[in-house]
$ cat input-v6.cif   # mmCIF, N, CA and C atoms
data_target
loop_
_atom_site.label_atom_id
_atom_site.label_comp_id
_atom_site.auth_asym_id
_atom_site.auth_seq_id
_atom_site.Cartn_x
_atom_site.Cartn_y
_atom_site.Cartn_z
N MET A 10 -25.51 77.90 -3.33
CA MET A 10 -26.03 76.74 -4.04
C MET A 10 -27.25 77.12 -4.86
N ARG A 11 -27.39 76.47 -6.00
CA ARG A 11 -28.57 76.67 -6.83
C ARG A 11 -29.75 75.95 -6.18
N PRO A 12 -30.96 76.39 -6.45
CA PRO A 12 -32.12 75.85 -5.72
C PRO A 12 -32.47 74.40 -6.01
N ALA A 13 -32.50 73.98 -7.28
CA ALA A 13 -32.94 72.61 -7.58
C ALA A 13 -32.50 72.21 -8.97
N VAL A 14 -32.36 70.91 -9.14
CA VAL A 14 -32.09 70.32 -10.45
C VAL A 14 -33.05 69.14 -10.59
N LYS A 15 -33.54 68.94 -11.79
CA LYS A 15 -34.45 67.83 -12.02
C LYS A 15 -33.76 66.79 -12.88
N LEU A 16 -33.73 65.56 -12.38
CA LEU A 16 -33.08 64.45 -13.06
C LEU A 16 -34.11 63.47 -13.57
N LEU A 17 -33.91 63.01 -14.79
CA LEU A 17 -34.65 61.85 -15.28
C LEU A 17 -33.78 60.65 -14.95
N VAL A 18 -34.29 59.73 -14.17
CA VAL A 18 -33.51 58.57 -13.75
C VAL A 18 -34.00 57.33 -14.47
N LEU A 19 -33.11 56.76 -15.27
CA LEU A 19 -33.40 55.54 -16.03
C LEU A 19 -32.45 54.44 -15.56
N THR A 20 -32.51 54.16 -14.29
CA THR A 20 -31.75 53.08 -13.68
C THR A 20 -32.58 52.57 -12.52
N SER A 21 -32.42 51.32 -12.20
CA SER A 21 -33.30 50.72 -11.20
C SER A 21 -33.06 51.24 -9.79
N SER A 22 -31.85 51.71 -9.49
CA SER A 22 -31.61 52.14 -8.12
C SER A 22 -30.50 53.17 -8.04
N LEU A 23 -30.68 54.09 -7.11
CA LEU A 23 -29.63 55.02 -6.71
C LEU A 23 -29.56 54.93 -5.20
N ASN A 24 -28.35 54.79 -4.68
CA ASN A 24 -28.24 54.73 -3.23
C ASN A 24 -28.11 56.14 -2.65
N THR A 25 -28.25 56.27 -1.34
CA THR A 25 -28.24 57.59 -0.71
C THR A 25 -26.89 58.29 -0.89
N HIS A 26 -25.81 57.53 -0.93
CA HIS A 26 -24.48 58.11 -1.15
C HIS A 26 -24.40 58.73 -2.55
N GLU A 27 -24.93 58.04 -3.55
CA GLU A 27 -24.92 58.56 -4.93
C GLU A 27 -25.75 59.84 -5.05
N ILE A 28 -26.91 59.87 -4.37
CA ILE A 28 -27.76 61.06 -4.42
C ILE A 28 -27.08 62.23 -3.71
N ALA A 29 -26.48 62.00 -2.56
CA ALA A 29 -25.76 63.05 -1.85
C ALA A 29 -24.60 63.56 -2.69
N ASP A 30 -23.92 62.67 -3.38
CA ASP A 30 -22.80 63.04 -4.23
C ASP A 30 -23.26 63.89 -5.42
N LEU A 31 -24.45 63.59 -5.96
CA LEU A 31 -25.01 64.41 -7.04
C LEU A 31 -25.24 65.84 -6.58
N LYS A 32 -25.80 66.00 -5.39
CA LYS A 32 -26.04 67.35 -4.86
C LYS A 32 -24.73 68.11 -4.76
N LYS A 33 -23.72 67.44 -4.24
CA LYS A 33 -22.40 68.07 -4.09
C LYS A 33 -21.78 68.37 -5.45
N GLU A 34 -21.87 67.42 -6.37
CA GLU A 34 -21.25 67.55 -7.69
C GLU A 34 -21.80 68.75 -8.46
N PHE A 35 -23.10 68.90 -8.45
CA PHE A 35 -23.72 69.94 -9.27
C PHE A 35 -24.06 71.20 -8.49
N GLY A 36 -23.80 71.23 -7.19
CA GLY A 36 -24.01 72.43 -6.40
C GLY A 36 -25.47 72.76 -6.15
N TYR A 37 -26.28 71.76 -6.09
CA TYR A 37 -27.71 71.97 -5.83
C TYR A 37 -28.02 71.49 -4.43
N ASN A 38 -28.92 72.20 -3.73
CA ASN A 38 -29.32 71.74 -2.41
C ASN A 38 -30.56 70.86 -2.47
N LYS A 39 -31.16 70.78 -3.64
CA LYS A 39 -32.33 69.91 -3.79
C LYS A 39 -32.28 69.25 -5.15
N ILE A 40 -32.58 67.97 -5.15
CA ILE A 40 -32.63 67.22 -6.40
C ILE A 40 -34.04 66.63 -6.53
N GLN A 41 -34.67 66.94 -7.63
CA GLN A 41 -35.96 66.32 -7.95
C GLN A 41 -35.66 65.12 -8.84
N ILE A 42 -36.23 63.99 -8.48
CA ILE A 42 -36.01 62.79 -9.28
C ILE A 42 -37.31 62.41 -9.97
N LYS A 43 -37.23 62.32 -11.28
CA LYS A 43 -38.35 61.84 -12.09
C LYS A 43 -37.97 60.44 -12.56
N ARG A 44 -38.71 59.46 -12.15
CA ARG A 44 -38.43 58.08 -12.56
C ARG A 44 -38.94 57.86 -13.97
N GLY A 45 -38.06 57.37 -14.81
CA GLY A 45 -38.42 57.07 -16.18
C GLY A 45 -38.91 55.63 -16.31
N SER A 46 -39.28 55.29 -17.50
CA SER A 46 -39.76 53.95 -17.81
C SER A 46 -38.65 52.92 -17.61
N ASP A 47 -39.02 51.73 -17.19
CA ASP A 47 -38.06 50.64 -17.03
C ASP A 47 -37.76 49.93 -18.34
N SER A 48 -38.54 50.22 -19.36
CA SER A 48 -38.38 49.49 -20.62
C SER A 48 -38.18 50.46 -21.78
N ILE A 49 -37.02 51.10 -21.80
CA ILE A 49 -36.69 52.05 -22.86
C ILE A 49 -36.27 51.28 -24.11
N THR A 50 -36.84 51.65 -25.25
CA THR A 50 -36.50 50.97 -26.50
C THR A 50 -35.91 51.89 -27.57
N SER A 51 -35.93 53.23 -27.30
CA SER A 51 -35.40 54.14 -28.31
C SER A 51 -34.92 55.44 -27.66
N VAL A 52 -34.05 56.13 -28.38
CA VAL A 52 -33.55 57.42 -27.89
C VAL A 52 -34.68 58.44 -27.87
N GLU A 53 -35.59 58.35 -28.81
CA GLU A 53 -36.73 59.28 -28.84
C GLU A 53 -37.56 59.17 -27.56
N GLU A 54 -37.71 57.97 -27.06
CA GLU A 54 -38.46 57.75 -25.83
C GLU A 54 -37.77 58.43 -24.65
N VAL A 55 -36.45 58.32 -24.58
CA VAL A 55 -35.68 58.96 -23.51
C VAL A 55 -35.82 60.47 -23.61
N ILE A 56 -35.64 61.02 -24.79
CA ILE A 56 -35.72 62.46 -25.00
C ILE A 56 -37.10 62.99 -24.63
N ARG A 57 -38.13 62.26 -24.99
CA ARG A 57 -39.50 62.65 -24.64
C ARG A 57 -39.67 62.67 -23.11
N GLN A 58 -39.19 61.63 -22.44
CA GLN A 58 -39.32 61.57 -20.99
C GLN A 58 -38.48 62.65 -20.29
N ALA A 59 -37.39 63.07 -20.91
CA ALA A 59 -36.47 64.04 -20.30
C ALA A 59 -36.80 65.48 -20.66
N SER A 60 -37.89 65.71 -21.34
CA SER A 60 -38.19 67.05 -21.85
C SER A 60 -38.21 68.11 -20.75
N ASP A 61 -38.62 67.77 -19.55
CA ASP A 61 -38.70 68.75 -18.46
C ASP A 61 -37.59 68.55 -17.42
N CYS A 62 -36.52 67.85 -17.81
CA CYS A 62 -35.43 67.56 -16.88
C CYS A 62 -34.15 68.26 -17.31
N ASP A 63 -33.23 68.40 -16.37
CA ASP A 63 -31.95 69.07 -16.63
C ASP A 63 -30.84 68.09 -16.99
N ILE A 64 -30.85 66.93 -16.38
CA ILE A 64 -29.79 65.93 -16.54
C ILE A 64 -30.45 64.56 -16.67
N ILE A 65 -29.84 63.70 -17.47
CA ILE A 65 -30.34 62.34 -17.64
C ILE A 65 -29.38 61.38 -16.94
N VAL A 66 -29.89 60.64 -15.97
CA VAL A 66 -29.12 59.60 -15.29
C VAL A 66 -29.58 58.29 -15.92
N ALA A 67 -28.69 57.69 -16.71
CA ALA A 67 -29.13 56.57 -17.52
C ALA A 67 -28.16 55.40 -17.49
N VAL A 68 -28.71 54.25 -17.29
CA VAL A 68 -27.99 52.99 -17.52
C VAL A 68 -28.80 52.30 -18.61
N LEU A 69 -28.30 52.41 -19.84
CA LEU A 69 -29.04 51.96 -21.01
C LEU A 69 -28.15 51.11 -21.90
N PRO A 70 -28.77 50.36 -22.81
CA PRO A 70 -27.97 49.63 -23.81
C PRO A 70 -27.09 50.62 -24.59
N GLU A 71 -25.91 50.19 -24.97
CA GLU A 71 -24.95 51.09 -25.60
C GLU A 71 -25.44 51.68 -26.91
N ASP A 72 -26.24 50.96 -27.69
CA ASP A 72 -26.73 51.54 -28.94
C ASP A 72 -27.64 52.74 -28.68
N ILE A 73 -28.43 52.68 -27.62
CA ILE A 73 -29.28 53.82 -27.26
C ILE A 73 -28.43 54.95 -26.69
N LEU A 74 -27.43 54.61 -25.87
CA LEU A 74 -26.54 55.64 -25.32
C LEU A 74 -25.81 56.41 -26.42
N VAL A 75 -25.34 55.70 -27.45
CA VAL A 75 -24.64 56.37 -28.55
C VAL A 75 -25.54 57.45 -29.16
N ASP A 76 -26.79 57.12 -29.43
CA ASP A 76 -27.72 58.10 -29.99
C ASP A 76 -28.05 59.21 -28.99
N LEU A 77 -28.15 58.84 -27.71
CA LEU A 77 -28.54 59.80 -26.69
C LEU A 77 -27.47 60.86 -26.45
N VAL A 78 -26.21 60.49 -26.49
CA VAL A 78 -25.15 61.47 -26.23
C VAL A 78 -24.72 62.22 -27.48
N ASN A 79 -25.30 61.89 -28.61
CA ASN A 79 -25.01 62.61 -29.85
C ASN A 79 -25.66 64.00 -29.75
N PRO A 80 -24.86 65.07 -29.84
CA PRO A 80 -25.42 66.41 -29.69
C PRO A 80 -26.46 66.77 -30.75
N ASP A 81 -26.51 66.05 -31.86
CA ASP A 81 -27.56 66.29 -32.85
C ASP A 81 -28.92 65.82 -32.34
N ASN A 82 -28.91 64.92 -31.35
CA ASN A 82 -30.16 64.37 -30.81
C ASN A 82 -30.54 64.96 -29.45
N ASN A 83 -29.54 65.31 -28.65
CA ASN A 83 -29.79 65.67 -27.26
C ASN A 83 -28.69 66.58 -26.74
N ALA A 84 -29.06 67.66 -26.08
CA ALA A 84 -28.08 68.60 -25.53
C ALA A 84 -27.88 68.45 -24.02
N LYS A 85 -28.65 67.58 -23.39
CA LYS A 85 -28.56 67.41 -21.94
C LYS A 85 -27.43 66.45 -21.57
N ALA A 86 -26.83 66.70 -20.42
CA ALA A 86 -25.78 65.81 -19.93
C ALA A 86 -26.38 64.44 -19.62
N VAL A 87 -25.62 63.40 -19.96
CA VAL A 87 -26.01 62.02 -19.65
C VAL A 87 -24.94 61.48 -18.71
N ILE A 88 -25.36 61.09 -17.52
CA ILE A 88 -24.42 60.57 -16.55
C ILE A 88 -24.88 59.20 -16.08
N GLN A 89 -23.93 58.45 -15.51
CA GLN A 89 -24.26 57.16 -14.94
C GLN A 89 -23.39 56.94 -13.72
N PRO A 90 -23.88 56.09 -12.79
CA PRO A 90 -23.06 55.78 -11.63
C PRO A 90 -21.82 55.00 -12.07
N ILE A 91 -20.73 55.20 -11.35
CA ILE A 91 -19.52 54.42 -11.62
C ILE A 91 -19.65 53.11 -10.84
N ARG A 92 -19.93 52.07 -11.58
CA ARG A 92 -20.05 50.73 -11.00
C ARG A 92 -19.50 49.74 -12.01
N ASP A 93 -18.91 48.66 -11.52
CA ASP A 93 -18.33 47.66 -12.41
C ASP A 93 -19.33 47.14 -13.43
N GLU A 94 -20.58 46.95 -13.01
CA GLU A 94 -21.56 46.36 -13.92
C GLU A 94 -22.00 47.32 -15.03
N TYR A 95 -21.61 48.59 -14.96
CA TYR A 95 -22.00 49.56 -15.97
C TYR A 95 -20.85 49.97 -16.88
N GLN A 96 -19.78 49.20 -16.92
CA GLN A 96 -18.64 49.54 -17.77
C GLN A 96 -19.05 49.55 -19.24
N ILE A 97 -18.62 50.58 -19.95
CA ILE A 97 -18.94 50.73 -21.37
C ILE A 97 -17.85 50.07 -22.20
N SER A 98 -18.27 49.27 -23.17
CA SER A 98 -17.28 48.57 -24.01
C SER A 98 -17.28 49.06 -25.45
N SER A 99 -18.24 49.87 -25.83
CA SER A 99 -18.32 50.37 -27.20
C SER A 99 -17.19 51.35 -27.49
N GLU A 100 -16.58 51.21 -28.67
CA GLU A 100 -15.53 52.15 -29.08
C GLU A 100 -16.13 53.52 -29.43
N LYS A 101 -17.43 53.59 -29.63
CA LYS A 101 -18.08 54.86 -29.96
C LYS A 101 -18.31 55.73 -28.73
N LEU A 102 -18.22 55.13 -27.53
CA LEU A 102 -18.50 55.86 -26.30
C LEU A 102 -17.27 55.90 -25.41
N THR A 103 -17.23 56.92 -24.59
CA THR A 103 -16.23 57.02 -23.55
C THR A 103 -16.90 57.65 -22.34
N THR A 104 -16.23 57.58 -21.21
CA THR A 104 -16.76 58.23 -20.02
C THR A 104 -15.70 59.16 -19.45
N GLU A 105 -16.18 60.17 -18.77
CA GLU A 105 -15.30 61.12 -18.11
C GLU A 105 -15.78 61.25 -16.67
N GLN A 106 -14.91 60.87 -15.74
CA GLN A 106 -15.31 60.94 -14.34
C GLN A 106 -15.55 62.38 -13.95
N LEU A 107 -16.66 62.61 -13.27
CA LEU A 107 -16.94 63.95 -12.76
C LEU A 107 -16.07 64.15 -11.52
N GLY A 108 -16.16 65.29 -10.89
CA GLY A 108 -15.31 65.58 -9.73
C GLY A 108 -15.50 64.61 -8.58
N SER A 109 -16.63 63.95 -8.56
CA SER A 109 -16.95 63.03 -7.48
C SER A 109 -16.39 61.64 -7.79
N THR A 110 -16.57 60.76 -6.84
CA THR A 110 -16.12 59.38 -7.03
C THR A 110 -17.26 58.48 -7.49
N CYS A 111 -18.47 58.99 -7.55
CA CYS A 111 -19.63 58.15 -7.85
C CYS A 111 -20.16 58.28 -9.27
N TRP A 112 -19.80 59.33 -9.99
CA TRP A 112 -20.47 59.64 -11.25
C TRP A 112 -19.51 59.86 -12.40
N GLU A 113 -19.96 59.48 -13.58
CA GLU A 113 -19.22 59.75 -14.80
C GLU A 113 -20.19 60.21 -15.87
N GLN A 114 -19.70 61.08 -16.75
CA GLN A 114 -20.51 61.54 -17.87
C GLN A 114 -20.21 60.64 -19.06
N VAL A 115 -21.24 60.28 -19.79
CA VAL A 115 -21.09 59.46 -20.99
C VAL A 115 -21.00 60.39 -22.19
N LEU A 116 -19.99 60.16 -23.04
CA LEU A 116 -19.72 61.02 -24.19
C LEU A 116 -19.46 60.18 -25.43
N LEU A 117 -19.67 60.77 -26.60
CA LEU A 117 -19.21 60.13 -27.82
C LEU A 117 -17.69 60.20 -27.85
N SER A 118 -17.04 59.12 -28.19
CA SER A 118 -15.57 59.09 -28.23
C SER A 118 -15.01 60.20 -29.10
N ALA A 119 -15.63 60.44 -30.24
CA ALA A 119 -15.12 61.45 -31.18
C ALA A 119 -15.19 62.86 -30.62
N LEU A 120 -16.08 63.09 -29.64
CA LEU A 120 -16.26 64.43 -29.08
C LEU A 120 -15.64 64.60 -27.70
N ALA A 121 -15.04 63.54 -27.18
CA ALA A 121 -14.47 63.60 -25.84
C ALA A 121 -13.26 64.52 -25.82
N PRO A 122 -13.07 65.27 -24.73
CA PRO A 122 -11.89 66.12 -24.63
C PRO A 122 -10.62 65.28 -24.66
N LYS A 123 -9.63 65.76 -25.38
CA LYS A 123 -8.35 65.05 -25.44
C LYS A 123 -7.45 65.62 -24.34
N GLY A 124 -6.85 64.72 -23.59
CA GLY A 124 -6.01 65.25 -22.53
C GLY A 124 -5.24 64.26 -21.88
#

$ encode --input "input-v6.cif" --output "structure tokens"
Amino acid sequence: MRPAVKLLVLTSSLNTHEIADLKKEFGYNKIQIKRGSDSITSVEEVIRQASDCDIIVAVLPEDILVDLVNPDNNAKAVIQPIRDEYQISSEKLTTEQLGSTCWEQVLLSALAPKG
């Protein structure tokens, strides 16, 4: 296992099952959680807060997510918990379930793997 991963968390809550699943998903035995601001208004704000993080765990408005997952703006993975209340409805975005049952990666529809 790799030693540690640092996550910027922009969601109000993560349960212990979701955190354990993250460790398993990414092969890390330790996860550092950096809590981000509760009132994100721009993709630049997210990128600034994530500057020292490896992965962004975000439940954000879809317009900000579209900019955040655009590789011209951000190269870090953006993931969110799989929950009914976080379903994405924008045609510009899609999700890809990770190997676990708790997490999905948010992607631009145009860049999503076809399969």

$ residues_around --input "input-v6.cif" --residues "region 103-119 of chain A" --least-positions-apart "4" --cutoff "7 Å" --atoms "only C-alpha atoms" --output "NGL selection string"
:A and (27 or 30 or 34 or 75 or 78-79 or 87-91)

$ write_last_selection --input "input-v6.cif" --atoms "N, CA and C atoms" --output "PDB file, in the coordinates of the input"
ATOM      1  N   GLU A  27     -24.930  58.040  -3.550  1.00  0.00           N
ATOM      2  CA  GLU A  27     -24.920  58.560  -4.930  1.00  0.00           C
ATOM      3  C   GLU A  27     -25.750  59.840  -5.050  1.00  0.00           C
ATOM      4  N   ASP A  30     -23.920  62.670  -3.380  1.00  0.00           N
ATOM      5  CA  ASP A  30     -22.800  63.040  -4.230  1.00  0.00           C
ATOM      6  C   ASP A  30     -23.260  63.890  -5.420  1.00  0.00           C
ATOM      7  N   GLU A  34     -21.870  67.420  -6.370  1.00  0.00           N
ATOM      8  CA  GLU A  34     -21.250  67.550  -7.690  1.00  0.00           C
ATOM      9  C   GLU A  34     -21.800  68.750  -8.460  1.00  0.00           C
ATOM     10  N   VAL A  75     -25.340  55.700 -27.450  1.00  0.00           N
ATOM     11  CA  VAL A  75     -24.640  56.370 -28.550  1.00  0.00           C
ATOM     12  C   VAL A  75     -25.540  57.450 -29.160  1.00  0.00           C
ATOM     13  N   VAL A  78     -26.210  60.490 -26.490  1.00  0.00           N
ATOM     14  CA  VAL A  78     -25.150  61.470 -26.230  1.00  0.00           C
ATOM     15  C   VAL A  78     -24.720  62.220 -27.480  1.00  0.00           C
ATOM     16  N   ASN A  79     -25.300  61.890 -28.610  1.00  0.00           N
ATOM     17  CA  ASN A  79     -25.010  62.610 -29.850  1.00  0.00           C
ATOM     18  C   ASN A  79     -25.660  64.000 -29.750  1.00  0.00           C
ATOM     19  N   VAL A  87     -25.620  63.400 -19.960  1.00  0.00           N
ATOM     20  CA  VAL A  87     -26.010  62.020 -19.650  1.00  0.00           C
ATOM     21  C   VAL A  87     -24.940  61.480 -18.710  1.00  0.00           C
ATOM     22  N   ILE A  88     -25.360  61.090 -17.520  1.00  0.00           N
ATOM     23  CA  ILE A  88     -24.420  60.570 -16.550  1.00  0.00           C
ATOM     24  C   ILE A  88     -24.880  59.200 -16.080  1.00  0.00           C
ATOM     25  N   GLN A  89     -23.930  58.450 -15.510  1.00  0.00           N
ATOM     26  CA  GLN A  89     -24.260  57.160 -14.940  1.00  0.00           C
ATOM     27  C   GLN A  89     -23.390  56.940 -13.720  1.00  0.00           C
ATOM     28  N   PRO A  90     -23.880  56.090 -12.790  1.00  0.00           N
ATOM     29  CA  PRO A  90     -23.060  55.780 -11.630  1.00  0.00           C
ATOM     30  C   PRO A  90     -21.820  55.000 -12.070  1.00  0.00           C
ATOM     31  N   ILE A  91     -20.730  55.200 -11.350  1.00  0.00           N
ATOM     32  CA  ILE A  91     -19.520  54.420 -11.620  1.00  0.00           C
ATOM     33  C   ILE A  91     -19.650  53.110 -10.840  1.00  0.00           C
TER      34      ILE A  91
END

$ resolve_selection --input "input-v6.cif" --expression "the PyMOL selection byres ((chain A and resi 63-73) around 6)" --output "number ranges by chain"
A: 14-20, 51-52, 61-62, 74-78, 85-89

$ select_by_dssp --input "input-v6.cif" --residues "chain A" --states "helix (DSSP H, G or I)" --output "PyMOL selection string"
chain A and resi 25-35+52-58+71-77+93-95+118-120

$ atom_distance --input "input-v6.cif" --atom1 "CA of Asn38 (chain A)" --atom2 "CA of Ala13 (chain A)"
6.4 Å

$ atom_distance --input "input-v6.cif" --atom1 "CA of Phe35 (chain A)" --atom2 "CA of Asp47 (chain A)"
25.3 Å
